[in-house]
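Student: Quick one, data_27.pdb (PDB, C-alpha atoms):
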ATOM      1  CA  MET A  21       0.000   0.000   0.000  1.00  0.00           C
ATOM      2  CA  PRO A  22       1.472   3.370  -0.971  1.00  0.00           C
ATOM      3  CA  THR A  23       2.082   5.969   1.691  1.00  0.00           C
ATOM      4  CA  MET A  24      -0.637   8.142   0.173  1.00  0.00           C
ATOM      5  CA  SER A  25      -3.769   6.129  -0.534  1.00  0.00           C
ATOM      6  CA  LYS A  26      -7.168   6.964  -1.952  1.00  0.00           C
ATOM      7  CA  ILE A  27      -9.837   5.747   0.458  1.00  0.00           C
ATOM      8  CA  VAL A  28     -13.633   5.637   0.164  1.00  0.00           C
ATOM      9  CA  ILE A  29     -15.485   5.819   3.477  1.00  0.00           C
ATOM     10  CA  PHE A  30     -19.161   4.837   3.429  1.00  0.00           C
ATOM     11  CA  GLY A  31     -21.167   6.001   6.421  1.00  0.00           C
ATOM     12  CA  ALA A  32     -18.995   9.085   6.834  1.00  0.00           C
ATOM     13  CA  GLY A  33     -21.722  10.867   8.797  1.00  0.00           C
ATOM     14  CA  GLY A  34     -21.801   8.392  11.698  1.00  0.00           C
ATOM     15  CA  ARG A  35     -19.590   8.415  14.767  1.00  0.00           C
ATOM     16  CA  ALA A  36     -17.212   5.718  13.535  1.00  0.00           C
ATOM     17  CA  GLY A  37     -17.254   7.099  10.005  1.00  0.00           C
ATOM     18  CA  ARG A  38     -16.462  10.654  11.059  1.00  0.00           C
ATOM     19  CA  GLN A  39     -13.458   9.500  13.056  1.00  0.00           C
ATOM     20  CA  ALA A  40     -12.276   7.309  10.188  1.00  0.00           C
ATOM     21  CA  VAL A  41     -12.425  10.308   7.858  1.00  0.00           C
ATOM     22  CA  ALA A  42     -10.521  12.439  10.367  1.00  0.00           C
ATOM     23  CA  GLU A  43      -7.839   9.793  10.942  1.00  0.00           C
ATOM     24  CA  ALA A  44      -7.376   9.131   7.236  1.00  0.00           C
ATOM     25  CA  ARG A  45      -6.982  12.820   6.492  1.00  0.00           C
ATOM     26  CA  ARG A  46      -4.678  13.216   9.484  1.00  0.00           C
ATOM     27  CA  ARG A  47      -2.394  10.652   7.860  1.00  0.00           C
ATOM     28  CA  GLY A  48      -2.448  12.430   4.516  1.00  0.00           C
ATOM     29  CA  HIS A  49      -4.694  10.080   2.566  1.00  0.00           C
ATOM     30  CA  GLU A  50      -7.098  11.284  -0.091  1.00  0.00           C
ATOM     31  CA  VAL A  51     -10.614  10.593   1.206  1.00  0.00           C
ATOM     32  CA  THR A  52     -13.940  10.254  -0.574  1.00  0.00           C
ATOM     33  CA  ALA A  53     -16.451  10.616   2.262  1.00  0.00           C
ATOM     34  CA  VAL A  54     -19.822   9.090   1.362  1.00  0.00           C
ATOM     35  CA  VAL A  55     -23.254   9.562   2.968  1.00  0.00           C
ATOM     36  CA  ARG A  56     -26.690   8.631   1.672  1.00  0.00           C
ATOM     37  CA  ASP A  57     -28.031  12.188   1.841  1.00  0.00           C
ATOM     38  CA  PRO A  58     -25.503  15.035   2.110  1.00  0.00           C
ATOM     39  CA  SER A  59     -28.270  17.526   2.986  1.00  0.00           C
ATOM     40  CA  ARG A  60     -28.631  15.787   6.350  1.00  0.00           C
ATOM     41  CA  TYR A  61     -25.030  16.614   7.236  1.00  0.00           C
ATOM     42  CA  PRO A  62     -24.572  20.356   6.762  1.00  0.00           C
ATOM     43  CA  ASP A  63     -21.668  20.306   9.231  1.00  0.00           C
ATOM     44  CA  LEU A  64     -19.620  17.975   7.031  1.00  0.00           C
ATOM     45  CA  ALA A  65     -17.452  19.343   4.255  1.00  0.00           C
ATOM     46  CA  ASP A  66     -16.489  17.497   1.100  1.00  0.00           C
ATOM     47  CA  VAL A  67     -19.022  14.674   1.254  1.00  0.00           C
ATOM     48  CA  VAL A  68     -20.640  12.950  -1.707  1.00  0.00           C
ATOM     49  CA  ALA A  69     -23.890  11.038  -2.072  1.00  0.00           C
ATOM     50  CA  GLY A  70     -23.796   7.282  -2.374  1.00  0.00           C
ATOM     51  CA  ASP A  71     -25.598   4.114  -1.350  1.00  0.00           C
ATOM     52  CA  VAL A  72     -23.454   1.250  -0.094  1.00  0.00           C
ATOM     53  CA  THR A  73     -26.262  -1.202  -0.855  1.00  0.00           C
ATOM     54  CA  ASP A  74     -26.164  -0.284  -4.549  1.00  0.00           C
ATOM     55  CA  GLU A  75     -23.563  -2.208  -6.522  1.00  0.00           C
ATOM     56  CA  ALA A  76     -23.360   0.491  -9.212  1.00  0.00           C
ATOM     57  CA  ASP A  77     -22.773   3.211  -6.608  1.00  0.00           C
ATOM     58  CA  VAL A  78     -20.090   1.122  -4.907  1.00  0.00           C
ATOM     59  CA  ALA A  79     -18.336   0.396  -8.181  1.00  0.00           C
ATOM     60  CA  ALA A  80     -18.449   4.027  -9.335  1.00  0.00           C
ATOM     61  CA  LEU A  81     -17.282   5.500  -6.036  1.00  0.00           C
ATOM     62  CA  ALA A  82     -14.553   2.915  -5.434  1.00  0.00           C
ATOM     63  CA  ALA A  83     -13.069   3.140  -8.926  1.00  0.00           C
ATOM     64  CA  GLY A  84      -9.477   4.304  -8.721  1.00  0.00           C
ATOM     65  CA  HIS A  85      -9.309   3.917  -4.943  1.00  0.00           C
ATOM     66  CA  ASP A  86      -6.972   1.706  -2.928  1.00  0.00           C
ATOM     67  CA  ALA A  87      -9.254   0.912   0.001  1.00  0.00           C
ATOM     68  CA  VAL A  88     -12.807   1.121   1.282  1.00  0.00           C
ATOM     69  CA  ILE A  89     -14.069   1.531   4.832  1.00  0.00           C
ATOM     70  CA  ASN A  90     -17.705   0.626   5.355  1.00  0.00           C
ATOM     71  CA  ALA A  91     -19.039   2.260   8.514  1.00  0.00           C
ATOM     72  CA  ALA A  92     -22.604   2.623   7.213  1.00  0.00           C
ATOM     73  CA  ALA A  93     -25.527   1.286   9.247  1.00  0.00           C
ATOM     74  CA  VAL A  94     -29.253   1.682   9.758  1.00  0.00           C
ATOM     75  CA  TYR A  95     -31.214   1.230  12.957  1.00  0.00           C
ATOM     76  CA  GLY A  96     -34.609   2.024  14.363  1.00  0.00           C
ATOM     77  CA  GLU A  97     -38.160   2.460  13.208  1.00  0.00           C
ATOM     78  CA  GLY A  98     -38.698   2.415   9.476  1.00  0.00           C
ATOM     79  CA  THR A  99     -35.432   0.620   8.704  1.00  0.00           C
ATOM     80  CA  ASP A 100     -34.635  -2.980   7.776  1.00  0.00           C
ATOM     81  CA  PRO A 101     -31.154  -3.731   9.139  1.00  0.00           C
ATOM     82  CA  HIS A 102     -31.132  -7.307   7.839  1.00  0.00           C
ATOM     83  CA  ALA A 103     -31.777  -6.198   4.265  1.00  0.00           C
ATOM     84  CA  PHE A 104     -29.344  -3.298   4.647  1.00  0.00           C
ATOM     85  CA  PHE A 105     -26.360  -5.279   5.918  1.00  0.00           C
ATOM     86  CA  THR A 106     -26.812  -8.200   3.536  1.00  0.00           C
ATOM     87  CA  ASP A 107     -27.408  -5.927   0.543  1.00  0.00           C
ATOM     88  CA  ALA A 108     -24.385  -3.814   1.495  1.00  0.00           C
ATOM     89  CA  ALA A 109     -22.149  -6.861   1.810  1.00  0.00           C
ATOM     90  CA  ARG A 110     -23.249  -8.163  -1.597  1.00  0.00           C
ATOM     91  CA  ALA A 111     -22.808  -4.760  -3.219  1.00  0.00           C
ATOM     92  CA  LEU A 112     -19.297  -4.510  -1.798  1.00  0.00           C
ATOM     93  CA  VAL A 113     -18.362  -8.051  -2.843  1.00  0.00           C
ATOM     94  CA  THR A 114     -19.585  -7.539  -6.401  1.00  0.00           C
ATOM     95  CA  GLY A 115     -18.912  -3.839  -6.856  1.00  0.00           C
ATOM     96  CA  LEU A 116     -15.407  -3.409  -5.505  1.00  0.00           C
ATOM     97  CA  PRO A 117     -12.319  -3.424  -7.695  1.00  0.00           C
ATOM     98  CA  GLN A 118      -9.069  -4.791  -6.279  1.00  0.00           C
ATOM     99  CA  ALA A 119      -9.319  -2.720  -3.121  1.00  0.00           C
ATOM    100  CA  ARG A 120      -8.883  -3.470   0.575  1.00  0.00           C
ATOM    101  CA  LEU A 121     -12.244  -3.537   2.407  1.00  0.00           C
ATOM    102  CA  VAL A 122     -12.330  -2.715   6.113  1.00  0.00           C
ATOM    103  CA  ALA A 123     -15.851  -3.267   7.440  1.00  0.00           C
ATOM    104  CA  VAL A 124     -17.010  -1.949  10.813  1.00  0.00           C
ATOM    105  CA  GLY A 125     -18.749  -4.610  12.877  1.00  0.00           C
ATOM    106  CA  LEU A 126     -20.107  -5.617  16.270  1.00  0.00           C
ATOM    107  CA  SER A 127     -18.560  -7.265  19.327  1.00  0.00           C
ATOM    108  CA  ALA A 128     -21.807  -9.224  19.785  1.00  0.00           C
ATOM    109  CA  LEU A 129     -20.639 -11.578  17.035  1.00  0.00           C
ATOM    110  CA  LEU A 130     -17.538 -12.636  18.994  1.00  0.00           C
ATOM    111  CA  PRO A 131     -17.213 -15.567  21.388  1.00  0.00           C
ATOM    112  CA  ALA A 132     -16.791 -14.687  25.053  1.00  0.00           C
ATOM    113  CA  ALA A 133     -13.802 -15.986  27.008  1.00  0.00           C
ATOM    114  CA  ASP A 134     -15.818 -19.003  28.163  1.00  0.00           C
ATOM    115  CA  GLY A 135     -16.736 -19.881  24.582  1.00  0.00           C
ATOM    116  CA  THR A 136     -20.352 -18.775  24.748  1.00  0.00           C
ATOM    117  CA  PRO A 137     -21.543 -16.182  22.209  1.00  0.00           C
ATOM    118  CA  VAL A 138     -21.423 -12.590  23.436  1.00  0.00           C
ATOM    119  CA  LEU A 139     -24.803 -12.304  21.712  1.00  0.00           C
ATOM    120  CA  ASP A 140     -26.301 -14.387  24.528  1.00  0.00           C
ATOM    121  CA  SER A 141     -25.749 -11.492  26.928  1.00  0.00           C
ATOM    122  CA  ILE A 142     -27.188  -8.809  24.647  1.00  0.00           C
ATOM    123  CA  PRO A 143     -30.664  -7.498  25.624  1.00  0.00           C
ATOM    124  CA  ALA A 144     -33.390  -9.048  23.502  1.00  0.00           C
ATOM    125  CA  GLU A 145     -34.437  -5.756  21.906  1.00  0.00           C
ATOM    126  CA  PHE A 146     -30.975  -5.349  20.330  1.00  0.00           C
ATOM    127  CA  ARG A 147     -30.590  -8.909  19.060  1.00  0.00           C
ATOM    128  CA  PRO A 148     -32.344  -8.426  15.696  1.00  0.00           C
ATOM    129  CA  PHE A 149     -29.854  -5.654  14.863  1.00  0.00           C
ATOM    130  CA  CYS A 150     -26.968  -7.900  15.909  1.00  0.00           C
ATOM    131  CA  LEU A 151     -28.311 -10.794  13.859  1.00  0.00           C
ATOM    132  CA  ALA A 152     -28.612  -8.458  10.874  1.00  0.00           C
ATOM    133  CA  HIS A 153     -24.919  -7.608  11.257  1.00  0.00           C
ATOM    134  CA  ALA A 154     -24.177 -11.331  11.498  1.00  0.00           C
ATOM    135  CA  ALA A 155     -26.014 -11.968   8.240  1.00  0.00           C
ATOM    136  CA  GLY A 156     -23.911  -9.328   6.506  1.00  0.00           C
ATOM    137  CA  LEU A 157     -20.719 -10.864   7.861  1.00  0.00           C
ATOM    138  CA  GLU A 158     -21.849 -14.276   6.634  1.00  0.00           C
ATOM    139  CA  VAL A 159     -22.268 -12.841   3.132  1.00  0.00           C
ATOM    140  CA  LEU A 160     -18.673 -11.612   3.251  1.00  0.00           C
ATOM    141  CA  ARG A 161     -17.469 -15.022   4.415  1.00  0.00           C
ATOM    142  CA  ALA A 162     -19.482 -16.997   1.885  1.00  0.00           C
ATOM    143  CA  GLU A 163     -19.283 -14.750  -1.163  1.00  0.00           C
ATOM    144  CA  GLY A 164     -16.184 -12.625  -0.552  1.00  0.00           C
ATOM    145  CA  THR A 165     -13.572 -15.357  -0.873  1.00  0.00           C
ATOM    146  CA  GLY A 166     -11.851 -13.410  -3.642  1.00  0.00           C
ATOM    147  CA  LEU A 167     -12.054 -10.060  -1.866  1.00  0.00           C
ATOM    148  CA  ASP A 168      -9.373  -8.584   0.408  1.00  0.00           C
ATOM    149  CA  TRP A 169     -11.525  -7.848   3.470  1.00  0.00           C
ATOM    150  CA  VAL A 170     -11.359  -7.638   7.242  1.00  0.00           C
ATOM    151  CA  TYR A 171     -14.282  -7.159   9.647  1.00  0.00           C
ATOM    152  CA  VAL A 172     -13.274  -4.960  12.600  1.00  0.00           C
ATOM    153  CA  SER A 173     -15.214  -4.463  15.821  1.00  0.00           C
ATOM    154  CA  PRO A 174     -14.544  -3.355  19.360  1.00  0.00           C
ATOM    155  CA  VAL A 175     -13.789  -6.141  21.823  1.00  0.00           C
ATOM    156  CA  GLY A 176     -16.676  -4.693  23.808  1.00  0.00           C
ATOM    157  CA  ASP A 177     -18.243  -1.276  23.374  1.00  0.00           C
ATOM    158  CA  PHE A 178     -17.320   2.252  22.409  1.00  0.00           C
ATOM    159  CA  ASP A 179     -16.233   4.838  24.955  1.00  0.00           C
ATOM    160  CA  HIS A 180     -18.392   7.640  23.598  1.00  0.00           C
ATOM    161  CA  ASP A 181     -16.455  10.340  25.460  1.00  0.00           C
ATOM    162  CA  GLY A 182     -13.025   8.815  25.002  1.00  0.00           C
ATOM    163  CA  GLU A 183     -10.228  10.719  23.294  1.00  0.00           C
ATOM    164  CA  ARG A 184      -7.554   9.637  20.848  1.00  0.00           C
ATOM    165  CA  THR A 185      -4.538   7.975  22.454  1.00  0.00           C
ATOM    166  CA  GLY A 186      -3.260   6.414  19.226  1.00  0.00           C
ATOM    167  CA  ARG A 187      -3.081   3.000  20.919  1.00  0.00           C
ATOM    168  CA  TYR A 188      -5.194  -0.147  20.938  1.00  0.00           C
ATOM    169  CA  GLU A 189      -4.862  -3.862  21.624  1.00  0.00           C
ATOM    170  CA  ILE A 190      -6.125  -6.858  19.677  1.00  0.00           C
ATOM    171  CA  GLY A 191      -8.424  -9.142  21.637  1.00  0.00           C
ATOM    172  CA  GLU A 192      -9.041 -12.857  21.335  1.00  0.00           C
ATOM    173  CA  HIS A 193     -12.546 -12.785  22.806  1.00  0.00           C
ATOM    174  CA  GLY A 194     -15.480 -10.468  23.247  1.00  0.00           C
ATOM    175  CA  ASP A 195     -15.779  -8.619  26.545  1.00  0.00           C
ATOM    176  CA  LEU A 196     -18.586  -6.094  26.890  1.00  0.00           C
ATOM    177  CA  SER A 197     -16.779  -4.360  29.742  1.00  0.00           C
ATOM    178  CA  ALA A 198     -13.892  -3.406  27.446  1.00  0.00           C
ATOM    179  CA  LYS A 199     -14.031   0.049  25.861  1.00  0.00           C
ATOM    180  CA  ILE A 200     -12.347   1.873  23.013  1.00  0.00           C
ATOM    181  CA  SER A 201     -12.820   5.441  21.838  1.00  0.00           C
ATOM    182  CA  TYR A 202     -14.100   6.056  18.331  1.00  0.00           C
ATOM    183  CA  ALA A 203     -10.847   7.872  17.583  1.00  0.00           C
ATOM    184  CA  ASP A 204      -8.662   4.934  18.628  1.00  0.00           C
ATOM    185  CA  PHE A 205     -10.960   2.554  16.749  1.00  0.00           C
ATOM    186  CA  ALA A 206     -10.294   4.668  13.658  1.00  0.00           C
ATOM    187  CA  VAL A 207      -6.563   4.244  14.266  1.00  0.00           C
ATOM    188  CA  ALA A 208      -7.069   0.473  14.034  1.00  0.00           C
ATOM    189  CA  LEU A 209      -9.105   0.828  10.839  1.00  0.00           C
ATOM    190  CA  LEU A 210      -6.422   2.903   9.141  1.00  0.00           C
ATOM    191  CA  ASP A 211      -3.633   0.638  10.360  1.00  0.00           C
ATOM    192  CA  GLU A 212      -5.400  -2.252   8.600  1.00  0.00           C
ATOM    193  CA  ILE A 213      -5.308  -0.236   5.389  1.00  0.00           C
ATOM    194  CA  GLU A 214      -1.731   1.008   5.637  1.00  0.00           C
ATOM    195  CA  ASN A 215      -0.322  -2.293   6.923  1.00  0.00           C
ATOM    196  CA  PRO A 216      -2.827  -5.100   6.257  1.00  0.00           C
ATOM    197  CA  ARG A 217      -2.194  -7.903   8.714  1.00  0.00           C
ATOM    198  CA  HIS A 218      -5.552  -9.655   8.844  1.00  0.00           C
ATOM    199  CA  LEU A 219      -7.430 -11.249   5.957  1.00  0.00           C
ATOM    200  CA  ARG A 220     -11.059 -12.387   5.899  1.00  0.00           C
ATOM    201  CA  VAL A 221     -11.387 -12.560   9.680  1.00  0.00           C
ATOM    202  CA  HIS A 222     -13.245 -10.796  12.484  1.00  0.00           C
ATOM    203  CA  LEU A 223     -10.650  -8.570  14.174  1.00  0.00           C
ATOM    204  CA  ALA A 224     -11.484  -7.251  17.653  1.00  0.00           C
ATOM    205  CA  VAL A 225      -9.748  -4.229  19.174  1.00  0.00           C
ATOM    206  CA  ALA A 226      -9.833  -2.484  22.559  1.00  0.00           C
TER     207      ALA A 226
END
If you took the structure in this file and wrote it as structure tokens, what would it be?
Tutor:
Amino acid sequence: MPTMSKIVIFGAGGRAGRQAVAEARRRGHEVTAVVRDPSRYPDLADVVAGDVTDEADVAALAAGHDAVINAAAVYGEGTDPHAFFTDAARALVTGLPQARLVAVGLSALLPAADGTPVLDSIPAEFRPFCLAHAAGLEVLRAEGTGLDWVYVSPVGDFDHDGERTGRYEIGEHGDLSAKISYADFAVALLDEIENPRHLRVHLAVA
């Protein structure tokens, strides 16, 4: 990977996406920041419209780029997370050129230290969203065998008020008590672009 890369970031308006954009630009990369509706983000400069569930959009936006970060998500009333995450995974698998894909995921899909799924300890109201994420990850595993991808999640949860330290650790298991700031999570995302060390696996960081 060249020192200066061209990176597409889907979901650039969310908390993880914003920090990924900031970290990439901090490192001197050329960033194409993508949101579904730029009018909803008047505070963001230099964003473009795009739909990560649309193969044609993915292909057009990723053309000429070295890497893609997918931090896009939907949640709540009026959304269909299962359709969103599976459609997004398929669009990325089929629409990407030879580019590194770093997908933002959930700790709920990890095993706990005792081998039980972390999902078992997630409140019932959040499980459909987690299962939707799991379905998207399964698409990557089943259909993305020719794609250079890594699925990155916190070991546990995000520290919403945490600041950037520039450090993180890789975890073997899920632990909901572990925290990482969005800024340090973005450091991990960019490290996996600049120095890819994990291929087609679920990488957990804290």
Student: May I have the residues within 7 Å of segment 108-116 of chain A as a PyMOL selection string, using only C-alpha atoms and disregarding those fewer than 4 positions away in the same chain?
Tutor: chain A and resi 72-76+78-79+82+104+156+159-160+163-164+167
Student: Closest to Gly48 of chain A among A:Ala83, A:Ala92, A:Leu210, A:Ala65, using only C-alpha atoms?
Tutor: A:Leu210
Student: Give me the result of the PyMOL selection byres ((chain A and resi 27) around 10) on this file, residue by residue, as an MDAnalysis selection string.
Tutor: chainID A and resid 24:26 28:30 41 44:45 49:53 81:82 84:89 119:121 210 213
Student: Looking at A:Ala155, A:Asp66, A:Ala206, A:Lys199, which one is nearest to Asn90 of chain A, with distances taken over only C-alpha atoms?
Tutor: A:Ala206
Student: Which residues match the PyMOL selection byres ((chain A and resi 198) around 10) in the file above, as a ChimeraX atom specification?
Tutor: /A:174-179,191,194-197,199-200,225-226
Student: Under the rule that only C-alpha atoms are counted, which of A:Val55, A:Val170, A:Ala154, A:Val67 is the nearest residue to Leu219 of chain A?
Tutor: A:Val170
Student: Identify, on the basis of all atoms listed in the file, every residue whose closest approach to Glu183 of chain A does not exceed 8 Å; exclude the query and any residue fewer than 2 positions from it along the same chain; express the result as a list in words.
Tutor: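 So, after excluding close chain neighbours, the residues are Asp181, Thr185, Ser201, Tyr202, Ala203 and Asp204 of chain A.
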Student: Residues within 9 Å of Pro58 of chain A, please, as a ChimeraX atom specification. Count all atoms listed in the file; anything in the same chain fewer than 6 positions from it doesn't count.
Tutor: /A:33,64,67-69
Student: Near Tyr95 of chain A, counting all atoms listed in the file, which residues have an atom at most 10 Å away, once you skip same-chain residues fewer than 3 positions from it, shown as a list of chain:residue names?
Tutor: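 Listed by chain and then number, they are A:Gly98, A:Thr99, A:Asp100, A:Pro101, A:His102, A:Phe104, A:Phe146, A:Phe149.
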Student: Could those selected residues go to a file with C-alpha atoms, as a compact mmCIF listing (two decimals), keeping the file's coordinate frame?
Tutor:
# COMPACT_ATOMS: atom_id res chain seq x y z
CA GLY A 98 -38.70 2.42 9.48
CA THR A 99 -35.43 0.62 8.70
CA ASP A 100 -34.64 -2.98 7.78
CA PRO A 101 -31.15 -3.73 9.14
CA HIS A 102 -31.13 -7.31 7.84
CA PHE A 104 -29.34 -3.30 4.65
CA PHE A 146 -30.98 -5.35 20.33
CA PHE A 149 -29.85 -5.65 14.86
